[in-house]
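Asks: Data: upload_0.cif, mmCIF, C-alpha atoms (C1' of nucleotides).
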```cif
data_data
#
loop_
_atom_site.label_atom_id
_atom_site.label_comp_id
_atom_site.auth_asym_id
_atom_site.auth_seq_id
_atom_site.Cartn_x
_atom_site.Cartn_y
_atom_site.Cartn_z
CA MET E 1 16.72 -0.36 -52.28
CA PRO E 2 17.23 2.09 -49.44
CA VAL E 3 14.08 2.06 -47.34
CA ARG E 4 10.64 0.95 -48.22
CA ALA E 5 8.00 3.64 -48.38
CA ASP E 6 5.52 1.80 -46.18
CA ALA E 7 8.18 1.27 -43.52
CA GLN E 8 8.98 4.98 -43.47
CA ARG E 9 5.30 5.81 -43.25
CA ASN E 10 4.78 3.49 -40.30
CA ARG E 11 7.84 4.78 -38.53
CA ASP E 12 6.72 8.39 -38.85
CA ARG E 13 3.23 7.53 -37.73
CA ILE E 14 4.50 5.68 -34.66
CA VAL E 15 6.62 8.64 -33.58
CA GLU E 16 3.73 11.01 -34.07
CA VAL E 17 1.31 8.87 -32.08
CA ALA E 18 3.87 8.15 -29.37
CA ARG E 19 4.48 11.86 -28.86
CA GLU E 20 0.78 12.32 -28.35
CA VAL E 21 0.34 9.34 -26.04
CA PHE E 22 3.40 10.20 -23.95
CA ARG E 23 2.18 13.75 -23.54
CA GLU E 24 -1.16 12.41 -22.32
CA GLN E 25 0.08 9.64 -20.09
CA GLY E 26 3.75 10.16 -19.42
CA TYR E 27 6.78 8.29 -20.69
CA ASP E 28 5.74 4.99 -19.14
CA ALA E 29 2.55 4.65 -21.14
CA SER E 30 1.87 1.28 -22.72
CA LEU E 31 3.73 0.74 -25.97
CA ASP E 32 1.09 -1.69 -27.12
CA LEU E 33 -1.36 1.17 -26.87
CA VAL E 34 0.92 3.29 -29.04
CA ALA E 35 1.05 0.49 -31.59
CA LYS E 36 -2.70 0.04 -31.53
CA ARG E 37 -3.41 3.74 -31.94
CA ALA E 38 -0.88 3.95 -34.73
CA GLY E 39 -2.70 1.08 -36.42
CA VAL E 40 0.32 -1.22 -36.50
CA GLY E 41 1.16 -4.49 -34.81
CA ALA E 42 3.37 -4.66 -31.75
CA GLY E 43 6.06 -6.36 -33.82
CA THR E 44 6.25 -3.39 -36.16
CA LEU E 45 6.71 -0.97 -33.30
CA TYR E 46 9.43 -3.06 -31.69
CA ARG E 47 11.25 -3.59 -34.98
CA HIS E 48 11.48 0.15 -35.55
CA PHE E 49 12.20 0.94 -31.91
CA PRO E 50 13.72 -2.00 -30.03
CA THR E 51 13.48 -0.21 -26.69
CA ARG E 52 11.31 2.45 -25.18
CA ASP E 53 14.28 4.78 -25.12
CA ALA E 54 14.83 4.42 -28.83
CA LEU E 55 11.33 5.74 -29.32
CA VAL E 56 11.83 8.52 -26.79
CA ASP E 57 15.02 9.43 -28.59
CA ALA E 58 13.17 9.84 -31.86
CA ILE E 59 10.51 11.96 -30.20
CA MET E 60 13.06 14.25 -28.60
CA GLN E 61 14.87 14.98 -31.83
CA SER E 62 12.72 17.92 -32.80
CA TRP E 63 12.87 19.82 -29.58
CA VAL E 64 16.55 19.27 -29.02
CA ASP E 65 16.99 21.12 -32.27
CA ARG E 66 15.00 23.96 -30.80
CA VAL E 67 17.45 24.29 -27.91
CA THR E 68 20.23 24.96 -30.39
CA GLU E 69 18.22 27.67 -32.08
CA ALA E 70 17.15 29.23 -28.80
CA THR E 71 20.74 29.29 -27.59
CA ASP E 72 21.80 31.21 -30.68
CA LYS E 73 19.11 33.74 -30.00
CA VAL E 74 20.07 34.20 -26.34
CA LEU E 75 23.74 34.56 -27.19
CA ALA E 76 22.93 37.17 -29.83
CA ASN E 77 21.38 39.45 -27.23
CA GLU E 78 23.65 41.97 -25.66
CA CYS E 79 23.10 41.80 -21.93
CA SER E 80 24.78 41.44 -18.56
CA ASP E 81 26.49 38.19 -17.56
CA ARG E 82 23.81 37.40 -15.06
CA ASP E 83 20.95 38.13 -17.44
CA LEU E 84 22.53 35.99 -20.11
CA LEU E 85 22.82 33.08 -17.73
CA VAL E 86 19.35 33.39 -16.25
CA ARG E 87 17.71 33.82 -19.64
CA TRP E 88 19.42 30.78 -21.02
CA PHE E 89 18.41 28.80 -17.94
CA GLU E 90 14.81 29.81 -18.44
CA THR E 91 14.94 28.79 -22.05
CA TYR E 92 16.49 25.48 -21.16
CA VAL E 93 13.91 24.70 -18.49
CA GLU E 94 11.06 25.74 -20.73
CA LEU E 95 12.19 23.52 -23.56
CA ILE E 96 13.06 20.38 -21.65
CA THR E 97 9.82 20.47 -19.69
CA LEU E 98 7.76 20.61 -22.88
CA HIS E 99 7.04 16.93 -22.50
CA LYS E 100 6.07 15.72 -19.04
CA GLY E 101 8.81 13.55 -17.58
CA GLY E 102 11.28 14.65 -20.21
CA ALA E 103 13.34 16.77 -17.85
CA ALA E 104 13.95 13.86 -15.49
CA LYS E 105 14.81 11.56 -18.37
CA ILE E 106 17.29 13.86 -19.99
CA THR E 107 18.87 15.01 -16.74
CA CYS E 108 19.38 11.50 -15.45
CA ALA E 109 21.03 10.51 -18.73
CA MET E 110 23.28 13.58 -18.74
CA GLY E 111 26.91 12.51 -18.80
CA ASP E 112 26.13 8.85 -19.24
CA ASP E 113 27.97 7.75 -22.37
CA ASP E 114 25.98 4.54 -22.61
CA SER E 115 22.60 6.19 -22.47
CA PRO E 116 20.36 5.57 -25.46
CA ILE E 117 19.58 9.27 -25.55
CA ARG E 118 23.19 10.44 -25.17
CA THR E 119 23.16 12.29 -28.47
CA LYS E 120 20.36 14.48 -27.15
CA CYS E 121 22.32 15.13 -23.98
CA GLN E 122 25.33 16.09 -26.03
CA VAL E 123 23.35 18.66 -27.96
CA LEU E 124 22.11 20.16 -24.71
CA SER E 125 25.46 20.17 -22.94
CA GLY E 126 26.98 21.56 -26.13
CA ALA E 127 24.57 24.46 -25.94
CA ALA E 128 25.39 24.96 -22.28
CA GLY E 129 29.05 24.88 -23.21
CA ARG E 130 28.61 27.71 -25.67
CA VAL E 131 26.93 29.86 -23.04
CA ILE E 132 29.37 29.25 -20.21
CA GLY E 133 32.25 29.33 -22.67
CA GLU E 134 31.23 32.86 -23.63
CA LEU E 135 30.99 33.81 -19.95
CA ALA E 136 34.28 32.12 -19.15
CA ASP E 137 35.92 34.24 -21.85
CA ARG E 138 34.62 37.25 -20.01
CA GLY E 139 36.02 35.75 -16.79
CA ALA E 140 32.55 35.83 -15.29
CA VAL E 141 31.98 32.23 -14.14
CA ARG E 142 33.79 29.66 -12.05
CA THR E 143 35.75 27.22 -14.12
CA ASP E 144 35.54 24.08 -11.98
CA VAL E 145 31.99 23.37 -13.10
CA ASP E 146 31.68 22.16 -16.66
CA ALA E 147 28.80 22.25 -19.12
CA VAL E 148 27.51 18.83 -18.15
CA GLN E 149 27.36 19.81 -14.51
CA VAL E 150 25.55 23.03 -15.35
CA CYS E 151 23.00 20.95 -17.22
CA ARG E 152 22.66 18.75 -14.17
CA LEU E 153 22.03 21.69 -11.89
CA VAL E 154 19.55 23.37 -14.15
CA GLY E 155 18.08 20.00 -15.06
CA GLY E 156 17.52 19.34 -11.37
CA VAL E 157 15.50 22.52 -11.17
CA ALA E 158 13.68 21.63 -14.38
CA THR E 159 12.84 18.19 -13.04
CA VAL E 160 11.18 19.52 -9.94
CA ALA E 161 9.50 22.25 -11.95
CA ASP E 162 8.11 19.54 -14.18
CA THR E 163 7.03 17.04 -11.55
CA SER E 164 5.66 19.67 -9.19
CA GLU E 165 4.19 21.70 -12.03
CA LEU E 166 5.77 24.88 -10.76
CA ARG E 167 4.93 28.10 -12.53
CA ALA E 168 7.66 30.09 -14.23
CA ASP E 169 7.74 32.69 -11.47
CA ALA E 170 8.33 29.98 -8.87
CA VAL E 171 11.20 28.59 -10.90
CA ARG E 172 12.98 31.87 -11.44
CA PRO E 173 14.41 32.29 -7.91
CA LEU E 174 15.84 28.79 -8.14
CA LEU E 175 17.52 29.62 -11.42
CA GLU E 176 18.86 32.84 -9.94
CA VAL E 177 20.43 30.85 -7.14
CA VAL E 178 22.19 28.62 -9.62
CA ALA E 179 23.26 31.60 -11.72
CA ASP E 180 24.58 33.55 -8.75
CA GLY E 181 26.42 30.49 -7.52
CA LEU E 182 28.04 30.03 -10.88
CA LEU E 183 29.11 33.63 -11.36
CA VAL E 184 32.36 34.62 -9.70
CA ARG E 185 32.05 37.18 -6.95
CA ALA E 186 32.41 40.71 -8.20
CA MET U 1 -7.10 -6.13 20.89
CA PRO U 2 -4.59 -3.72 19.39
CA VAL U 3 -2.47 -5.60 16.86
CA ARG U 4 -1.82 -9.28 16.54
CA ALA U 5 1.72 -10.40 17.23
CA ASP U 6 2.07 -12.41 14.03
CA ALA U 7 0.89 -9.45 11.98
CA GLN U 8 3.51 -7.21 13.55
CA ARG U 9 6.18 -9.82 12.96
CA ASN U 10 5.27 -10.14 9.30
CA ARG U 11 5.14 -6.41 8.83
CA ASP U 12 8.60 -5.93 10.29
CA ARG U 13 10.01 -8.76 8.25
CA ILE U 14 8.55 -7.36 5.03
CA VAL U 15 10.10 -3.95 5.64
CA GLU U 16 13.45 -5.49 6.42
CA VAL U 17 13.45 -7.67 3.32
CA ALA U 18 12.15 -4.85 1.13
CA ARG U 19 14.98 -2.60 2.24
CA GLU U 20 17.43 -5.26 1.18
CA VAL U 21 15.76 -6.03 -2.14
CA PHE U 22 15.33 -2.36 -3.06
CA ARG U 23 19.00 -1.70 -2.30
CA GLU U 24 19.95 -4.58 -4.58
CA GLN U 25 17.55 -3.92 -7.42
CA GLY U 26 16.20 -0.41 -7.06
CA TYR U 27 12.78 0.82 -6.04
CA ASP U 28 11.02 -0.88 -8.94
CA ALA U 29 11.94 -4.38 -7.89
CA SER U 30 9.17 -6.96 -7.95
CA LEU U 31 6.97 -6.86 -4.86
CA ASP U 32 6.09 -10.50 -5.30
CA LEU U 33 9.78 -11.20 -4.92
CA VAL U 34 9.83 -9.22 -1.69
CA ALA U 35 6.87 -11.25 -0.46
CA LYS U 36 8.50 -14.53 -1.44
CA ARG U 37 11.79 -13.68 0.21
CA ALA U 38 9.97 -12.55 3.32
CA GLY U 39 8.20 -15.89 3.35
CA VAL U 40 4.71 -14.41 3.12
CA GLY U 41 2.00 -14.50 0.50
CA ALA U 42 1.40 -11.61 -1.86
CA GLY U 43 -1.89 -10.92 -0.12
CA THR U 44 -0.12 -10.34 3.17
CA LEU U 45 2.27 -7.87 1.64
CA TYR U 46 -0.48 -5.92 -0.08
CA ARG U 47 -2.65 -5.86 3.04
CA HIS U 48 0.12 -4.29 5.06
CA PHE U 49 1.25 -1.99 2.25
CA PRO U 50 -1.49 -1.29 -0.28
CA THR U 51 0.88 0.53 -2.61
CA ARG U 52 4.56 0.44 -3.36
CA ASP U 53 4.91 3.90 -1.90
CA ALA U 54 3.44 2.80 1.41
CA LEU U 55 6.24 0.29 1.65
CA VAL U 56 8.85 2.81 0.59
CA ASP U 57 7.51 5.16 3.22
CA ALA U 58 8.04 2.57 5.92
CA ILE U 59 11.56 1.88 4.71
CA MET U 60 12.49 5.53 4.70
CA GLN U 61 11.41 6.12 8.26
CA SER U 62 14.73 5.15 9.82
CA TRP U 63 16.97 7.27 7.68
CA VAL U 64 14.76 10.32 7.78
CA ASP U 65 15.31 10.18 11.50
CA ARG U 66 19.04 10.26 10.83
CA VAL U 67 18.71 13.52 8.92
CA THR U 68 17.26 15.15 12.00
CA GLU U 69 20.15 13.94 14.12
CA ALA U 70 22.74 14.95 11.55
CA THR U 71 21.22 18.41 11.28
CA ASP U 72 21.54 18.88 15.03
CA LYS U 73 25.17 17.96 14.79
CA VAL U 74 25.90 20.34 11.92
CA LEU U 75 24.11 23.21 13.64
CA ALA U 76 26.09 22.59 16.83
CA ASN U 77 29.36 23.23 15.02
CA GLU U 78 30.64 26.76 15.10
CA CYS U 79 31.63 27.65 11.59
CA SER U 80 31.23 30.18 8.81
CA ASP U 81 27.90 30.65 7.05
CA ARG U 82 29.20 29.07 3.89
CA ASP U 83 30.72 26.08 5.66
CA LEU U 84 27.54 25.49 7.59
CA LEU U 85 25.52 25.45 4.42
CA VAL U 86 27.91 23.29 2.42
CA ARG U 87 28.32 20.79 5.24
CA TRP U 88 24.63 20.44 5.70
CA PHE U 89 24.20 19.97 1.95
CA GLU U 90 26.79 17.23 1.97
CA THR U 91 25.07 15.51 4.85
CA TYR U 92 21.73 15.78 3.12
CA VAL U 93 23.03 14.37 -0.14
CA GLU U 94 24.84 11.57 1.62
CA LEU U 95 21.79 10.52 3.55
CA ILE U 96 19.17 10.67 0.82
CA THR U 97 21.37 8.79 -1.62
CA LEU U 98 21.83 5.92 0.84
CA HIS U 99 19.27 3.95 -1.09
CA LYS U 100 19.57 3.99 -4.85
CA GLY U 101 16.69 5.91 -6.40
CA GLY U 102 15.73 7.40 -3.07
CA ALA U 103 16.93 10.88 -3.92
CA ALA U 104 14.75 11.09 -7.00
CA LYS U 105 11.75 9.73 -5.13
CA ILE U 106 12.00 12.13 -2.24
CA THR U 107 12.87 15.14 -4.36
CA CYS U 108 10.01 14.62 -6.77
CA ALA U 109 7.61 14.32 -3.85
CA MET U 110 8.94 17.43 -2.17
CA GLY U 111 6.19 19.96 -1.72
CA ASP U 112 3.48 17.64 -2.94
CA ASP U 113 0.88 17.50 -0.18
CA ASP U 114 -0.78 14.45 -1.65
CA SER U 115 2.37 12.37 -1.89
CA PRO U 116 2.32 9.13 0.05
CA ILE U 117 5.75 9.98 1.42
CA ARG U 118 4.93 13.58 2.31
CA THR U 119 5.70 13.08 6.00
CA LYS U 120 9.26 12.17 5.08
CA CYS U 121 9.53 15.28 2.91
CA GLN U 122 8.28 17.37 5.77
CA VAL U 123 10.98 16.05 8.07
CA LEU U 124 13.61 16.90 5.48
CA SER U 125 12.31 20.33 4.65
CA GLY U 126 11.94 20.93 8.39
CA ALA U 127 15.62 20.21 8.81
CA ALA U 128 16.45 22.49 5.90
CA GLY U 129 14.27 25.13 7.53
CA ARG U 130 16.28 24.98 10.72
CA VAL U 131 19.51 25.49 8.82
CA ILE U 132 18.41 28.34 6.60
CA GLY U 133 16.43 29.80 9.51
CA GLU U 134 19.66 30.03 11.46
CA LEU U 135 21.40 31.64 8.50
CA ALA U 136 18.50 33.98 7.87
CA ASP U 137 18.80 35.16 11.48
CA ARG U 138 22.37 36.02 10.71
CA GLY U 139 21.18 37.81 7.55
CA ALA U 140 23.34 35.55 5.46
CA VAL U 141 20.92 34.06 2.93
CA ARG U 142 18.36 35.30 0.47
CA THR U 143 14.84 35.13 1.81
CA ASP U 144 12.86 34.49 -1.36
CA VAL U 145 13.82 30.83 -1.43
CA ASP U 146 12.17 28.72 1.21
CA ALA U 147 13.16 25.42 2.80
CA VAL U 148 11.23 23.32 0.32
CA GLN U 149 12.94 25.01 -2.59
CA VAL U 150 16.35 24.50 -1.00
CA CYS U 151 15.52 20.82 -0.70
CA ARG U 152 14.57 20.81 -4.36
CA LEU U 153 17.85 22.39 -5.41
CA VAL U 154 20.01 20.14 -3.29
CA GLY U 155 17.77 17.20 -4.09
CA GLY U 156 18.35 17.88 -7.77
CA VAL U 157 22.07 17.59 -7.19
CA ALA U 158 21.54 14.48 -5.06
CA THR U 159 19.43 12.91 -7.78
CA VAL U 160 22.09 13.29 -10.41
CA ALA U 161 24.78 12.24 -7.93
CA ASP U 162 22.75 9.11 -7.31
CA THR U 163 21.83 8.21 -10.85
CA SER U 164 25.26 9.07 -12.27
CA GLU U 165 27.07 7.60 -9.28
CA LEU U 166 29.15 10.71 -8.86
CA ARG U 167 31.83 10.65 -6.20
CA ALA U 168 31.69 13.05 -3.30
CA ASP U 169 34.41 15.26 -4.75
CA ALA U 170 32.47 15.63 -8.00
CA VAL U 171 29.38 16.64 -6.06
CA ARG U 172 31.05 19.24 -3.91
CA PRO U 173 31.44 21.96 -6.59
CA LEU U 174 27.76 21.62 -7.41
CA LEU U 175 26.85 22.08 -3.77
CA GLU U 176 29.14 25.08 -3.55
CA VAL U 177 27.33 26.64 -6.48
CA VAL U 178 24.01 26.23 -4.71
CA ALA U 179 25.44 27.51 -1.45
CA ASP U 180 27.03 30.56 -3.05
CA GLY U 181 23.86 31.32 -4.93
CA LEU U 182 21.87 31.16 -1.74
CA LEU U 183 24.19 33.34 0.32
CA VAL U 184 23.70 37.07 -0.05
CA ARG U 185 26.59 38.90 -1.63
CA ALA U 186 29.09 40.22 0.91
"C1'" DC P 1 -7.67 -24.86 29.63
"C1'" DC P 2 -10.56 -24.62 25.83
"C1'" DA P 3 -13.66 -22.91 22.47
"C1'" DC P 4 -14.89 -19.37 19.62
"C1'" DG P 5 -14.93 -15.15 17.18
"C1'" DA P 6 -12.04 -11.74 15.08
"C1'" DT P 7 -8.02 -11.19 12.58
"C1'" DA P 8 -4.65 -12.36 9.46
"C1'" DC P 9 -2.59 -15.56 6.09
"C1'" DG P 10 -1.50 -17.58 1.45
"C1'" DG P 11 -1.50 -18.29 -3.13
"C1'" DA P 12 -4.31 -19.14 -7.21
"C1'" DG P 13 -5.70 -16.48 -10.77
"C1'" DA P 14 -7.43 -12.27 -13.45
"C1'" DC P 15 -5.47 -8.59 -15.69
"C1'" DA P 16 -1.87 -5.69 -17.86
"C1'" DC P 17 2.45 -4.87 -20.17
"C1'" DT P 18 6.68 -6.22 -22.69
"C1'" DC P 19 8.82 -8.36 -26.29
"C1'" DT P 20 9.55 -12.35 -29.68
"C1'" DC P 21 8.70 -15.35 -33.32
"C1'" DC P 22 7.19 -16.74 -37.63
"C1'" DG P 23 3.80 -17.33 -41.36
"C1'" DC P 24 1.80 -13.99 -44.46
"C1'" DT P 25 1.78 -9.70 -47.28
"C1'" DT P 26 3.57 -6.23 -50.20
"C1'" DA P 27 6.72 -2.90 -52.39
"C1'" DG P 28 9.53 -2.22 -55.95
"C1'" DC P 29 12.82 -3.84 -59.37
"C1'" DA P 30 13.70 -6.23 -63.74
"C1'" DT S 1 3.86 -9.11 -64.51
"C1'" DG S 2 6.50 -12.13 -61.56
"C1'" DC S 3 9.83 -12.58 -58.11
"C1'" DT S 4 12.06 -11.81 -53.73
"C1'" DA S 5 13.70 -9.30 -50.03
"C1'" DA S 6 11.76 -6.40 -46.78
"C1'" DG S 7 8.25 -5.57 -43.83
"C1'" DC S 8 3.92 -6.61 -41.31
"C1'" DG S 9 0.81 -8.31 -37.60
"C1'" DG S 10 -0.70 -10.46 -33.76
"C1'" DA S 11 -0.73 -14.74 -31.01
"C1'" DG S 12 1.49 -16.08 -27.09
"C1'" DA S 13 5.26 -16.67 -23.55
"C1'" DG S 14 7.21 -14.42 -19.72
"C1'" DT S 15 6.80 -11.28 -15.86
"C1'" DG S 16 4.72 -8.20 -12.51
"C1'" DT S 17 0.56 -6.24 -9.97
"C1'" DC S 18 -3.14 -6.78 -7.08
"C1'" DT S 19 -7.58 -9.21 -5.42
"C1'" DC S 20 -10.39 -12.57 -3.49
"C1'" DC S 21 -11.74 -15.93 -0.44
"C1'" DG S 22 -11.16 -20.46 1.88
"C1'" DT S 23 -8.14 -21.65 5.65
"C1'" DA S 24 -5.26 -21.02 9.73
"C1'" DT S 25 -4.01 -18.64 13.80
"C1'" DC S 26 -4.26 -15.44 17.70
"C1'" DG S 27 -5.90 -14.06 21.95
"C1'" DT S 28 -9.64 -13.69 25.13
"C1'" DG S 29 -13.72 -14.74 28.08
"C1'" DG S 30 -15.84 -18.44 30.22
#
```
Show this structure as structure tokens.
Replies:
Amino acid sequence: MPVRADAQRNRDRIVEVAREVFREQGYDASLDLVAKRAGVGAGTLYRHFPTRDALVDAIMQSWVDRVTEATDKVLANECSDRDLLVRWFETYVELITLHKGGAAKITCAMGDDDSPIRTKCQVLSGAAGRVIGELADRGAVRTDVDAVQVCRLVGGVATVADTSELRADAVRPLLEVVADGLLVRA
Amino acid sequence: MPVRADAQRNRDRIVEVAREVFREQGYDASLDLVAKRAGVGAGTLYRHFPTRDALVDAIMQSWVDRVTEATDKVLANECSDRDLLVRWFETYVELITLHKGGAAKITCAMGDDDSPIRTKCQVLSGAAGRVIGELADRGAVRTDVDAVQVCRLVGGVATVADTSELRADAVRPLLEVVADGLLVRA
DNA sequence: CCACGATACGGAGACACTCTCCGCTTAGCA
DNA sequence: TGCTAAGCGGAGAGTGTCTCCGTATCGTGG
């Protein structure tokens, strides 16, 4: 028998509740509270998700998928090198700051092969790779900074945007700085 | 009577021990352990430093002072706009990553007027202000990004350098990107 | 030099969170 | 319907934070 129906139900419910609780209280909220609100025992939560990161990983799945989609959309637009870069940056920041504290978590894990959320990082850096790969083909960006490092730079901006609750128009100049630094001089 | 000698002694000892423990174990090390190693009761520690951040603040005092010195030194050097900027960035990153986790702490607090370590942030952004002020006088940098935002950008790089334990030569390209983005196009 | 208040100390203990262990329950097959 | 593996729950051990208050010490004024 593959997976028991009640187990699947509990798992889904825990993820759903955790997403809600983490949004309310940040990623260091009590896991016992999550269990309680989900109507399961602590043991059940820890069996499904042995560590906090395992739970975070499950939560992040959905919006990492959205980054892939959004990247397709940005790449489909015909626009200048700089616009392409800045637009993708904005998309990236917007998506990884959807959950408070998420930007810091993902950015710190970026490039760490042992991180429990490395698969999420790989999706993100893969998306970055597609964008700067496109620009590299056009000869528009410096080549000594790879996709992971781009994610780190933009993630750094996203992290401060998140923790300082900066508005989009305060973030834009920072993203322009990164974009201009990345583009080769005309 | 101003301050009792034993109280001062204990306070100093706690800071000294905390610096050591935090370097070993990170900024979330047990405070009871700090108290024990310092040979004082928990009550004594919490009376002197009501919160963890108050203790961190005290620890950071010495190396924030070093940023001021280092900035003087960098500004005294005659060099190109870009070199000035990159060198100061390197100094900044080096100093705020002296203590593991420090970069993230200071960068997240940057620009937050309610932060318990805001005075430290102000020293740092003040130093950044002197550097970009100098460059602004020369008309070399964009003017829509202020000192605090520069600290955020470089702090973002420092944070990832710290958490990913990047070597100086891996950090340099990232700092060049920020520098080039900040400098106005020739 | 001593006595006496103000000041500071210490650590027991209340509270909160994490994570494990194991007896009990239940889903799902035959 | 009965059996068994899979899953459940929650008590409790371990650890960390922070407070409270009886006790000890400092430093001064007599």
Asks: Please determine, counting only C-alpha atoms, which residue among E:Arg152, E:Arg23, E:Lys36, E:Arg167 has the shortest atom-to-atom distance to chain U.
Replies: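 Counting only C-alpha atoms, the residue closest to chain U is E:Arg152.
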Asks: Do a least-squares overlay of chain U on chain E, C-alpha atoms all paired in order, then report the RMSD in Å.
Replies: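 C-alpha RMSD after optimal superposition stands at 0.1 Å.
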Asks: Taking only C-alpha atoms (C1' of nucleotides) into account, produce a table as a Markdown table in which each residue of chain S with an atom at most 10 Å from an atom of segment 13-19 of chain P appears once, together with its shortest atom pair and the distance in Å to one decimal, ordered by chain and rising number.
Replies:
```
| residue | atom | partner | partner_atom | distance |
| --- | --- | --- | --- | --- |
| S:DA13 | C1' | P:DC19 | C1' | 9.4 |
| S:DG14 | C1' | P:DT18 | C1' | 8.7 |
| S:DT15 | C1' | P:DT18 | C1' | 8.5 |
| S:DG16 | C1' | P:DC17 | C1' | 8.7 |
| S:DT17 | C1' | P:DA16 | C1' | 8.3 |
| S:DC18 | C1' | P:DC15 | C1' | 9.1 |
| S:DT19 | C1' | P:DA14 | C1' | 8.6 |
| S:DC20 | C1' | P:DG13 | C1' | 9.5 |
```
Asks: Can you spell out as a VMD selection string the set of residues that the PyMOL selection byres ((chain E and resi 109-123) around 10) selects in the structure I just provided?
Replies: (chain E and resid 51 to 58 60 to 61 63 to 65 67 to 68 103 to 108 124 to 129 147 to 149 151 to 152 155) or (chain U and resid 160 163 to 164)
Asks: If you measure from atom C1' of DT20 of chain P to atom CA of Ala42 of chain E, what distance in Å do you get, rounded to one decimal?
Replies: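 One can read the atom C1' of DT20 of chain P to atom CA of Ala42 of chain E distance as 10.1 Å.
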Asks: To verify the selection step, state as an MDAnalysis selection string which residues the PyMOL selection byres ((chain P and resi 10) around 7) yields on this input.
Replies: (chainID U and resid 41 43) or (chainID P and resid 9 11)
Asks: Do you know which residues lie at most 8 Å from (5.6, -11.7, -44.5), with coordinates as in the file and only C-alpha atoms (C1' of nucleotides) counted, and could you write them as a PyMOL selection string?
Replies: (chain P and resi 23-25) or (chain S and resi 7-8)
